[in-house]
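entry11.cif follows (mmCIF, C-alpha atoms):
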```cif
data_upload
#
loop_
_atom_site.group_PDB
_atom_site.id
_atom_site.type_symbol
_atom_site.label_atom_id
_atom_site.label_comp_id
_atom_site.auth_asym_id
_atom_site.auth_seq_id
_atom_site.Cartn_x
_atom_site.Cartn_y
_atom_site.Cartn_z
ATOM 1 C CA MET D 1 15.030 -19.164 10.812
ATOM 2 C CA PRO D 2 11.724 -19.988 12.561
ATOM 3 C CA LEU D 3 8.918 -17.536 11.759
ATOM 4 C CA ILE D 4 8.515 -16.673 15.454
ATOM 5 C CA ASP D 5 12.017 -15.101 15.394
ATOM 6 C CA LEU D 6 10.583 -12.341 13.205
ATOM 7 C CA ALA D 7 8.356 -11.372 16.145
ATOM 8 C CA ASN D 8 11.449 -9.706 17.579
ATOM 9 C CA PRO D 9 11.506 -6.142 16.145
ATOM 10 C CA THR D 10 15.320 -5.942 16.279
ATOM 11 C CA ARG D 11 15.669 -9.168 14.274
ATOM 12 C CA PHE D 12 13.024 -7.869 11.862
ATOM 13 C CA LEU D 13 14.990 -4.618 11.405
ATOM 14 C CA ASN D 14 18.191 -6.572 10.669
ATOM 15 C CA LEU D 15 16.561 -8.962 8.212
ATOM 16 C CA SER D 16 14.452 -6.327 6.425
ATOM 17 C CA GLY D 17 17.524 -4.065 6.168
ATOM 18 C CA LYS D 18 19.270 -6.804 4.167
ATOM 19 C CA LEU D 19 16.174 -7.563 2.063
ATOM 20 C CA LEU D 20 15.162 -3.979 1.165
ATOM 21 C CA PRO D 21 17.883 -3.154 -1.412
ATOM 22 C CA TRP D 22 17.117 -6.398 -3.299
ATOM 23 C CA LEU D 23 13.380 -5.710 -3.262
ATOM 24 C CA ALA D 24 13.926 -2.122 -4.433
ATOM 25 C CA ALA D 25 16.152 -3.350 -7.283
ATOM 26 C CA ALA D 26 13.593 -6.005 -8.301
ATOM 27 C CA THR D 27 10.877 -3.311 -8.277
ATOM 28 C CA ALA D 28 12.919 -0.998 -10.510
ATOM 29 C CA ILE D 29 13.668 -3.837 -12.962
ATOM 30 C CA ALA D 30 9.997 -4.909 -13.066
ATOM 31 C CA PHE D 31 8.895 -1.310 -13.781
ATOM 32 C CA ALA D 32 11.540 -0.969 -16.520
ATOM 33 C CA VAL D 33 10.393 -4.211 -18.203
ATOM 34 C CA GLY D 34 6.729 -3.204 -17.689
ATOM 35 C CA SER D 35 7.278 0.223 -19.292
ATOM 36 C CA VAL D 36 8.785 -1.402 -22.414
ATOM 37 C CA GLN D 37 5.893 -3.871 -22.562
ATOM 38 C CA VAL D 38 3.292 -1.087 -22.155
ATOM 39 C CA ALA D 39 4.928 1.016 -24.893
ATOM 40 C CA GLY D 40 4.892 -2.001 -27.218
ATOM 41 C CA ALA D 41 1.300 -3.053 -26.468
ATOM 42 C CA PRO D 42 -1.054 -2.621 -29.444
ATOM 43 C CA ASP D 43 -4.036 -0.267 -29.472
ATOM 44 C CA ASP D 44 -7.379 -1.850 -28.685
ATOM 45 C CA TYR D 45 -9.652 -2.179 -31.735
ATOM 46 C CA GLN D 46 -12.461 -0.285 -29.943
ATOM 47 C CA GLN D 47 -10.728 1.870 -27.306
ATOM 48 C CA GLY D 48 -7.560 2.724 -29.244
ATOM 49 C CA ALA D 49 -4.556 3.833 -27.145
ATOM 50 C CA THR D 50 -6.864 4.622 -24.186
ATOM 51 C CA ALA D 51 -6.611 0.922 -23.256
ATOM 52 C CA LYS D 52 -3.067 1.714 -22.027
ATOM 53 C CA ILE D 53 -4.659 3.258 -18.916
ATOM 54 C CA MET D 54 -5.587 -0.333 -17.980
ATOM 55 C CA PHE D 55 -1.905 -1.146 -17.260
ATOM 56 C CA VAL D 56 -1.813 1.325 -14.383
ATOM 57 C CA HIS D 57 -5.503 1.242 -13.344
ATOM 58 C CA VAL D 58 -5.989 -2.523 -12.944
ATOM 59 C CA PRO D 59 -2.812 -3.304 -10.895
ATOM 60 C CA ASN D 60 -3.707 -0.492 -8.487
ATOM 61 C CA ALA D 61 -7.308 -1.692 -8.213
ATOM 62 C CA TRP D 62 -6.018 -5.199 -7.385
ATOM 63 C CA LEU D 63 -3.567 -3.787 -4.835
ATOM 64 C CA ALA D 64 -6.276 -1.631 -3.247
ATOM 65 C CA MET D 65 -8.018 -4.886 -2.245
ATOM 66 C CA PHE D 66 -4.836 -6.920 -1.648
ATOM 67 C CA VAL D 67 -3.529 -4.389 0.895
ATOM 68 C CA TRP D 68 -6.801 -4.679 2.850
ATOM 69 C CA VAL D 69 -6.360 -8.494 2.813
ATOM 70 C CA VAL D 70 -2.831 -8.023 4.226
ATOM 71 C CA MET D 71 -4.242 -5.666 6.882
ATOM 72 C CA SER D 72 -6.972 -8.195 7.741
ATOM 73 C CA ALA D 73 -4.356 -10.923 8.234
ATOM 74 C CA ALA D 74 -2.396 -8.487 10.425
ATOM 75 C CA ALA D 75 -5.599 -7.679 12.339
ATOM 76 C CA LEU D 76 -5.983 -11.390 13.151
ATOM 77 C CA GLY D 77 -2.333 -11.359 14.256
ATOM 78 C CA THR D 78 -3.115 -8.466 16.604
ATOM 79 C CA LEU D 79 -6.360 -9.810 18.064
ATOM 80 C CA VAL D 80 -5.698 -13.577 18.154
ATOM 81 C CA TRP D 81 -1.932 -14.060 18.475
ATOM 82 C CA ARG D 82 -0.960 -10.595 19.782
ATOM 83 C CA HIS D 83 2.047 -10.689 17.460
ATOM 84 C CA PRO D 84 4.241 -7.652 18.270
ATOM 85 C CA LEU D 85 4.660 -6.751 14.597
ATOM 86 C CA ALA D 86 1.053 -7.321 13.516
ATOM 87 C CA ASP D 87 -0.314 -3.848 14.213
ATOM 88 C CA VAL D 88 2.973 -2.353 12.976
ATOM 89 C CA ALA D 89 2.313 -4.143 9.659
ATOM 90 C CA ALA D 90 -1.307 -2.990 9.534
ATOM 91 C CA LYS D 91 -0.511 0.631 10.386
ATOM 92 C CA ALA D 92 2.304 0.776 7.809
ATOM 93 C CA ALA D 93 0.075 -0.704 5.094
ATOM 94 C CA ALA D 94 -2.890 1.687 5.440
ATOM 95 C CA PRO D 95 -1.391 4.800 3.738
ATOM 96 C CA LEU D 96 -0.081 2.561 0.931
ATOM 97 C CA GLY D 97 -3.517 1.012 0.444
ATOM 98 C CA ALA D 98 -5.112 4.470 0.431
ATOM 99 C CA ALA D 99 -2.618 5.629 -2.219
ATOM 100 C CA PHE D 100 -3.218 2.595 -4.469
ATOM 101 C CA THR D 101 -6.991 3.036 -4.122
ATOM 102 C CA PHE D 102 -6.647 6.739 -4.970
ATOM 103 C CA ILE D 103 -4.650 5.874 -8.123
ATOM 104 C CA ALA D 104 -7.260 3.265 -9.108
ATOM 105 C CA LEU D 105 -10.092 5.791 -8.650
ATOM 106 C CA VAL D 106 -8.382 8.650 -10.510
ATOM 107 C CA THR D 107 -7.069 6.556 -13.416
ATOM 108 C CA GLY D 108 -10.459 4.837 -13.697
ATOM 109 C CA SER D 109 -12.105 8.237 -13.850
ATOM 110 C CA LEU D 110 -9.659 9.386 -16.552
ATOM 111 C CA TRP D 111 -10.386 6.186 -18.478
ATOM 112 C CA GLY D 112 -14.139 6.566 -18.009
ATOM 113 C CA ARG D 113 -14.411 10.086 -19.427
ATOM 114 C CA PRO D 114 -13.411 9.219 -23.041
ATOM 115 C CA MET D 115 -14.956 5.697 -22.969
ATOM 116 C CA TRP D 116 -18.197 6.187 -20.989
ATOM 117 C CA GLY D 117 -18.597 9.932 -21.514
ATOM 118 C CA THR D 118 -18.391 10.649 -17.788
ATOM 119 C CA TYR D 119 -15.712 10.862 -15.079
ATOM 120 C CA TRP D 120 -17.914 9.305 -12.430
ATOM 121 C CA VAL D 121 -21.089 7.279 -12.067
ATOM 122 C CA TRP D 122 -22.560 5.976 -8.823
ATOM 123 C CA ASP D 123 -22.537 2.320 -9.896
ATOM 124 C CA ALA D 124 -21.809 -0.502 -7.475
ATOM 125 C CA ARG D 125 -18.139 -1.068 -8.432
ATOM 126 C CA LEU D 126 -17.094 2.594 -8.336
ATOM 127 C CA THR D 127 -19.066 3.332 -5.174
ATOM 128 C CA SER D 128 -17.738 0.272 -3.281
ATOM 129 C CA VAL D 129 -14.137 1.222 -4.194
ATOM 130 C CA LEU D 130 -14.802 4.792 -3.014
ATOM 131 C CA VAL D 131 -16.078 3.301 0.273
ATOM 132 C CA LEU D 132 -12.804 1.307 0.494
ATOM 133 C CA PHE D 133 -10.827 4.551 0.044
ATOM 134 C CA LEU D 134 -12.848 6.261 2.792
ATOM 135 C CA MET D 135 -12.283 3.261 5.086
ATOM 136 C CA TYR D 136 -8.514 3.557 4.554
ATOM 137 C CA LEU D 137 -8.705 7.247 5.486
ATOM 138 C CA GLY D 138 -10.819 6.358 8.544
ATOM 139 C CA LEU D 139 -8.214 3.848 9.723
ATOM 140 C CA ILE D 140 -5.377 6.341 9.266
ATOM 141 C CA ALA D 141 -7.394 8.904 11.256
ATOM 142 C CA LEU D 142 -8.058 6.327 14.008
ATOM 143 C CA TRP D 143 -4.341 5.573 14.402
ATOM 144 C CA ARG D 144 -3.603 9.284 14.594
ATOM 145 C CA THR D 145 -6.356 9.917 17.148
ATOM 146 C CA VAL D 146 -5.408 7.289 19.749
ATOM 147 C CA ASP D 147 -2.038 7.959 21.423
ATOM 148 C CA ASP D 148 -1.304 4.462 22.748
ATOM 149 C CA PRO D 149 -0.221 2.292 19.744
ATOM 150 C CA SER D 150 -1.474 -0.981 21.255
ATOM 151 C CA ARG D 151 -4.970 0.431 22.005
ATOM 152 C CA ALA D 152 -5.116 2.014 18.562
ATOM 153 C CA GLY D 153 -3.935 -1.279 17.046
ATOM 154 C CA ARG D 154 -6.757 -3.302 18.652
ATOM 155 C CA ALA D 155 -9.449 -0.780 17.658
ATOM 156 C CA ALA D 156 -8.064 -0.590 14.113
ATOM 157 C CA ALA D 157 -7.914 -4.398 13.898
ATOM 158 C CA ILE D 158 -11.635 -4.697 14.682
ATOM 159 C CA LEU D 159 -12.475 -1.972 12.156
ATOM 160 C CA THR D 160 -10.270 -3.674 9.543
ATOM 161 C CA LEU D 161 -11.987 -7.053 9.971
ATOM 162 C CA VAL D 162 -15.445 -5.434 9.784
ATOM 163 C CA GLY D 163 -14.344 -3.504 6.696
ATOM 164 C CA ALA D 164 -13.215 -6.735 4.990
ATOM 165 C CA ILE D 165 -16.925 -7.327 4.235
ATOM 166 C CA ASN D 166 -16.483 -4.727 1.497
ATOM 167 C CA LEU D 167 -13.937 -6.870 -0.418
ATOM 168 C CA PRO D 168 -16.360 -9.489 -1.826
ATOM 169 C CA ILE D 169 -18.821 -6.653 -2.502
ATOM 170 C CA ILE D 170 -16.164 -4.909 -4.658
ATOM 171 C CA LYS D 171 -15.144 -8.148 -6.408
ATOM 172 C CA PHE D 172 -18.656 -9.370 -7.218
ATOM 173 C CA SER D 173 -20.372 -5.971 -7.603
ATOM 174 C CA VAL D 174 -20.096 -6.273 -11.387
ATOM 175 C CA ASP D 175 -21.900 -9.646 -11.251
ATOM 176 C CA TRP D 176 -24.509 -8.833 -8.592
ATOM 177 C CA TRP D 177 -25.611 -5.480 -10.024
ATOM 178 C CA ASN D 178 -26.000 -3.983 -13.461
ATOM 179 C CA THR D 179 -22.946 -1.708 -13.632
ATOM 180 C CA LEU D 180 -21.309 0.535 -16.212
ATOM 181 C CA HIS D 181 -17.974 -0.995 -15.137
ATOM 182 C CA GLN D 182 -17.043 -4.090 -17.158
ATOM 183 C CA PRO D 183 -17.032 -7.541 -15.499
ATOM 184 C CA ALA D 184 -13.788 -9.367 -14.577
ATOM 185 C CA SER D 185 -11.626 -10.276 -17.575
ATOM 186 C CA VAL D 186 -8.552 -11.810 -15.872
ATOM 187 C CA PHE D 187 -9.537 -13.541 -12.578
ATOM 188 C CA ARG D 188 -12.677 -15.359 -13.722
ATOM 189 C CA ALA D 189 -13.904 -18.957 -13.773
ATOM 190 C CA GLY D 190 -13.328 -19.515 -17.504
ATOM 191 C CA GLY D 191 -9.816 -17.990 -17.494
ATOM 192 C CA PRO D 192 -8.723 -14.601 -18.890
ATOM 193 C CA THR D 193 -10.661 -13.226 -21.864
ATOM 194 C CA MET D 194 -7.813 -10.883 -22.795
ATOM 195 C CA SER D 195 -5.287 -11.560 -25.567
ATOM 196 C CA ALA D 196 -1.661 -12.189 -24.574
ATOM 197 C CA SER D 197 -0.560 -8.853 -26.118
ATOM 198 C CA PHE D 198 -2.530 -7.084 -23.346
ATOM 199 C CA LEU D 199 -2.365 -9.737 -20.629
ATOM 200 C CA VAL D 200 1.452 -10.002 -20.477
ATOM 201 C CA PRO D 201 2.109 -6.238 -19.975
ATOM 202 C CA LEU D 202 -0.751 -6.137 -17.467
ATOM 203 C CA LEU D 203 0.727 -8.987 -15.399
ATOM 204 C CA VAL D 204 4.246 -7.486 -15.550
ATOM 205 C CA MET D 205 2.897 -4.122 -14.338
ATOM 206 C CA ALA D 206 0.892 -5.914 -11.618
ATOM 207 C CA LEU D 207 4.113 -7.647 -10.497
ATOM 208 C CA ALA D 208 5.960 -4.283 -10.512
ATOM 209 C CA PHE D 209 3.297 -2.548 -8.375
ATOM 210 C CA THR D 210 3.146 -5.556 -6.005
ATOM 211 C CA LEU D 211 6.935 -5.440 -5.550
ATOM 212 C CA LEU D 212 6.617 -1.684 -4.967
ATOM 213 C CA PHE D 213 4.060 -2.363 -2.240
ATOM 214 C CA LEU D 214 6.288 -4.989 -0.581
ATOM 215 C CA THR D 215 9.300 -2.639 -0.680
ATOM 216 C CA LEU D 216 7.414 0.367 0.693
ATOM 217 C CA HIS D 217 5.602 -1.761 3.265
ATOM 218 C CA LEU D 218 8.854 -3.159 4.680
ATOM 219 C CA ALA D 219 10.352 0.352 4.741
ATOM 220 C CA ALA D 220 7.239 1.828 6.414
ATOM 221 C CA MET D 221 7.215 -1.007 8.995
ATOM 222 C CA ARG D 222 10.846 -0.223 9.837
ATOM 223 C CA ASN D 223 9.894 3.454 10.267
ATOM 224 C CA GLU D 224 6.989 2.519 12.552
ATOM 225 C CA ILE D 225 9.274 0.381 14.752
ATOM 226 C CA LEU D 226 11.710 3.324 15.010
ATOM 227 C CA ARG D 227 8.776 5.674 15.813
ATOM 228 C CA ARG D 228 7.740 3.404 18.699
ATOM 229 C CA ARG D 229 11.322 3.330 19.980
ATOM 230 C CA VAL D 230 11.415 7.126 19.893
ATOM 231 C CA ARG D 231 8.099 7.228 21.789
ATOM 232 C CA THR D 232 9.423 4.798 24.442
ATOM 233 C CA LEU D 233 12.604 6.844 24.905
ATOM 234 C CA GLN D 234 10.625 10.100 25.110
ATOM 235 C CA MET D 235 8.417 8.563 27.809
ATOM 236 C CA MET D 236 11.493 7.346 29.709
ATOM 237 C CA GLN D 237 12.984 10.829 29.462
ATOM 238 C CA ALA D 238 9.765 12.412 30.720
ATOM 239 C CA GLN D 239 9.577 9.923 33.642
ATOM 240 C CA SER D 240 13.175 10.593 34.670
ATOM 241 C CA ALA D 241 12.507 14.353 34.469
ATOM 242 C CA VAL D 242 9.488 13.935 36.816
ATOM 243 C CA GLY D 243 11.483 11.693 39.191
ATOM 244 C CA ALA D 244 14.438 14.095 39.379
ATOM 245 C CA MET I 1 4.166 6.503 -30.102
ATOM 246 C CA ASP I 2 0.820 7.947 -31.234
ATOM 247 C CA LEU I 3 -1.626 8.065 -28.320
ATOM 248 C CA GLY I 4 -4.531 9.243 -30.431
ATOM 249 C CA PRO I 5 -7.195 11.831 -29.614
ATOM 250 C CA TYR I 6 -7.300 10.979 -25.891
ATOM 251 C CA ALA I 7 -3.545 11.364 -25.272
ATOM 252 C CA ALA I 8 -4.171 13.930 -22.513
ATOM 253 C CA PHE I 9 -6.233 11.393 -20.500
ATOM 254 C CA ILE I 10 -3.577 8.672 -20.912
ATOM 255 C CA LEU I 11 -0.699 10.988 -19.974
ATOM 256 C CA ALA I 12 -2.662 12.406 -17.010
ATOM 257 C CA ALA I 13 -3.359 8.864 -15.718
ATOM 258 C CA TYR I 14 0.329 7.863 -15.880
ATOM 259 C CA GLY I 15 1.480 11.266 -14.581
ATOM 260 C CA ILE I 16 -0.783 11.181 -11.514
ATOM 261 C CA ALA I 17 0.194 7.560 -10.761
ATOM 262 C CA ALA I 18 3.893 8.500 -11.011
ATOM 263 C CA LEU I 19 3.369 11.513 -8.723
ATOM 264 C CA VAL I 20 1.584 9.443 -6.070
ATOM 265 C CA VAL I 21 4.300 6.747 -6.194
ATOM 266 C CA ALA I 22 7.008 9.436 -5.918
ATOM 267 C CA ALA I 23 5.167 10.955 -2.932
ATOM 268 C CA LEU I 24 5.017 7.526 -1.220
ATOM 269 C CA VAL I 25 8.753 6.949 -1.743
ATOM 270 C CA ALA I 26 9.538 10.473 -0.454
ATOM 271 C CA TRP I 27 7.268 9.949 2.582
ATOM 272 C CA VAL I 28 9.035 6.700 3.529
ATOM 273 C CA LEU I 29 12.530 8.208 3.092
ATOM 274 C CA ILE I 30 11.759 11.487 4.925
ATOM 275 C CA ASP I 31 10.008 9.635 7.765
ATOM 276 C CA ASN I 32 13.005 7.291 8.124
ATOM 277 C CA ALA I 33 15.439 10.210 8.315
ATOM 278 C CA ALA I 34 13.227 11.988 10.888
ATOM 279 C CA GLN I 35 12.899 8.922 13.171
ATOM 280 C CA ARG I 36 16.643 8.196 12.995
ATOM 281 C CA ARG I 37 17.436 11.854 13.810
ATOM 282 C CA MET I 38 15.123 11.797 16.849
ATOM 283 C CA LEU I 39 16.650 8.498 18.063
ATOM 284 C CA ARG I 40 20.170 9.931 17.719
ATOM 285 C CA ASP I 41 19.160 13.110 19.597
ATOM 286 C CA LEU I 42 17.646 11.113 22.460
ATOM 287 C CA GLU I 43 20.650 8.789 22.683
ATOM 288 C CA ALA I 44 22.996 11.785 22.632
ATOM 289 C CA ARG I 45 21.107 13.078 25.691
ATOM 290 C CA GLY I 46 21.830 9.773 27.447
ATOM 291 C CA VAL I 47 18.354 8.252 27.064
ATOM 292 C CA SER I 48 18.600 4.616 25.986
ATOM 293 C CA ARG I 49 16.505 1.476 26.162
ATOM 294 C CA ARG I 50 17.187 -1.018 28.968
ATOM 295 C CA SER I 51 17.975 -3.729 26.382
ATOM 296 C CA ASP I 52 20.596 -1.439 24.799
ATOM 297 C CA GLU I 53 22.097 -0.689 28.224
ATOM 298 C CA ARG I 54 22.319 -4.428 28.989
ATOM 299 C CA LYS I 55 23.980 -5.014 25.610
ATOM 300 C CA ALA I 56 26.508 -2.228 26.258
ATOM 301 C CA ALA I 57 27.285 -3.605 29.740
ATOM 302 C CA SER I 58 27.899 -7.200 28.558
#
```
Could you express the structure from this file as structure tokens?
Amino acid sequence: MPLIDLANPTRFLNLSGKLLPWLAAATAIAFAVGSVQVAGAPDDYQQGATAKIMFVHVPNAWLAMFVWVVMSAAALGTLVWRHPLADVAAKAAAPLGAAFTFIALVTGSLWGRPMWGTYWVWDARLTSVLVLFLMYLGLIALWRTVDDPSRAGRAAAILTLVGAINLPIIKFSVDWWNTLHQPASVFRAGGPTMSASFLVPLLVMALAFTLLFLTLHLAAMRNEILRRRVRTLQMMQAQSAVGA
Amino acid sequence: MDLGPYAAFILAAYGIAALVVAALVAWVLIDNAAQRRMLRDLEARGVSRRSDERKAAS
């Protein structure tokens, strides 16, 4: 099937309806395998069992940025190609991105208290991720403020692309500034510094959370398409009531 | 499994993550049911999209 066929919302609903149960099953299996791996992971020689927080904190921190990348690609789809599903994809992704960022912030805070002696510090990594969270909330508010979905979509697309500047700041904040947060230990030039006993559960949990995002994103996109159909029908009903 | 002296922090981290994920799943399911209910109500009142009317006529 050519990619352009997916531009048709009805075709997208049909295809995603077939795909969703498989994605949901794959997500459940990945979480089951991940949970076993996390339970079997050894304690860290310095941090003890507290290192287990990493298996939920790091995947959500990655997803917090990944979802904004997805929204930026959708924003290009809205502004450049005017793809009918682009702003549907962006709008559906924003609450998911906000939730993943929230989990990353809270679990990081709960990890920081026993390891750093504080829940929060205004260092560059933590502050830039908090800014990302606030930008997600701003986008959600923007979509709720503007009634017309296409106008809201264009405004949100511009804001999303401007906000993408924050992504390299988050990624390289630990290199550019002296931060309490540790530098990258998986995605780095010299390869991961982590032993396989931690890296494997981390990657399985990252896969599980990514599958969760894909499943929820498809489901939320379907809901948004239905919401727009409801809106169209309500407008048609209102017009016929005025005309009668 | 012994989680050591900071077990409360570890359990709180996993508990909050599980709650947020459960809330996301509930949001998607409840929203889907609400949109489908509104579509059914509108269609029951005879309001339908032109493309659906064309499909029904052909």
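When the PyMOL selection byres ((chain I) within 6 of (chain D)) is run on the displayed coordinates, the residues it returns are Leu3, Phe9, Ile10, Ala13, Ala17, Val28, Asn32, Gln35 and Leu39 of chain I.
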(message) To test your reading of the syntax: which residues would the PyMOL selection byres ((chain D and resi 139) around 8) return for the file shown? Reply as a VMD selection string.
(response) chain D and resid 94 135 to 138 140 to 143 156 159 to 160
(request) Run through the PyMOL selection byres ((chain D and resi 90) around 10) on the given coordinates and return the selected residues as a PyMOL selection string. (result) chain D and resi 67-68+70-75+77-78+85-89+91-95+139+153+156-157+160+217+221
(request) Choose the residue, out of D:Phe187, D:Trp81, D:Thr101, D:Leu63, that has the smallest atom-to-atom separation from Val20 (chain I); count only C-alpha atoms. (result) D:Thr101
Report, as JSON, the centre and edge lengths in Å (one decimal) of the axis-aligned box enclosing every listed atom of region 225-235 of chain D, padded by 5 Å on each side.
```
{"center_x": 10.2, "center_y": 5.2, "center_z": 21.3, "size_x": 14.9, "size_y": 19.7, "size_z": 23.1}
```
(request) Figure out the distance between CA of Ala24 (chain D) and CA of Gln37 (chain D), please, to one decimal in Å. (result)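 We find that CA of Gln37 (chain D) and CA of Ala24 (chain D) lie 19.9 Å from each other.
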(message) Report, in Å with one decimal, the straight-line distance from CA of Pro42 (chain D) to CA of Val200 (chain D).
(response) 11.9 Å
(message) Neighbouring residues of Val33 (chain D) were defined as those with any atom within 9 Å, considering only C-alpha atoms; residues of the same chain fewer than 2 positions away were excluded. Please report them as a VMD selection string.
(response) chain D and resid 28 to 31 35 to 38 201 204 to 205 208
Student task, region 47-63 of chain D output with C-alpha atoms as a PDB file, in the first residue's frame:
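In the end it all went to selection-v3.pdb:
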```pdb
ATOM      1  CA  GLN D  47      23.846   2.565  44.538  1.00  0.00           C
ATOM      2  CA  GLY D  48      22.532  -0.830  45.666  1.00  0.00           C
ATOM      3  CA  ALA D  49      18.946  -1.673  44.625  1.00  0.00           C
ATOM      4  CA  THR D  50      18.221   2.037  43.975  1.00  0.00           C
ATOM      5  CA  ALA D  51      19.738   1.521  40.503  1.00  0.00           C
ATOM      6  CA  LYS D  52      16.496  -0.324  39.618  1.00  0.00           C
ATOM      7  CA  ILE D  53      14.819   3.095  39.306  1.00  0.00           C
ATOM      8  CA  MET D  54      16.968   3.525  36.171  1.00  0.00           C
ATOM      9  CA  PHE D  55      14.869   0.900  34.316  1.00  0.00           C
ATOM     10  CA  VAL D  56      11.778   3.091  34.496  1.00  0.00           C
ATOM     11  CA  HIS D  57      13.441   6.545  34.612  1.00  0.00           C
ATOM     12  CA  VAL D  58      15.725   6.277  31.566  1.00  0.00           C
ATOM     13  CA  PRO D  59      13.175   4.830  29.054  1.00  0.00           C
ATOM     14  CA  ASN D  60      10.725   7.592  29.992  1.00  0.00           C
ATOM     15  CA  ALA D  61      13.414  10.266  29.679  1.00  0.00           C
ATOM     16  CA  TRP D  62      14.259   8.932  26.193  1.00  0.00           C
ATOM     17  CA  LEU D  63      10.573   8.854  25.238  1.00  0.00           C
TER      18      LEU D  63
END
```
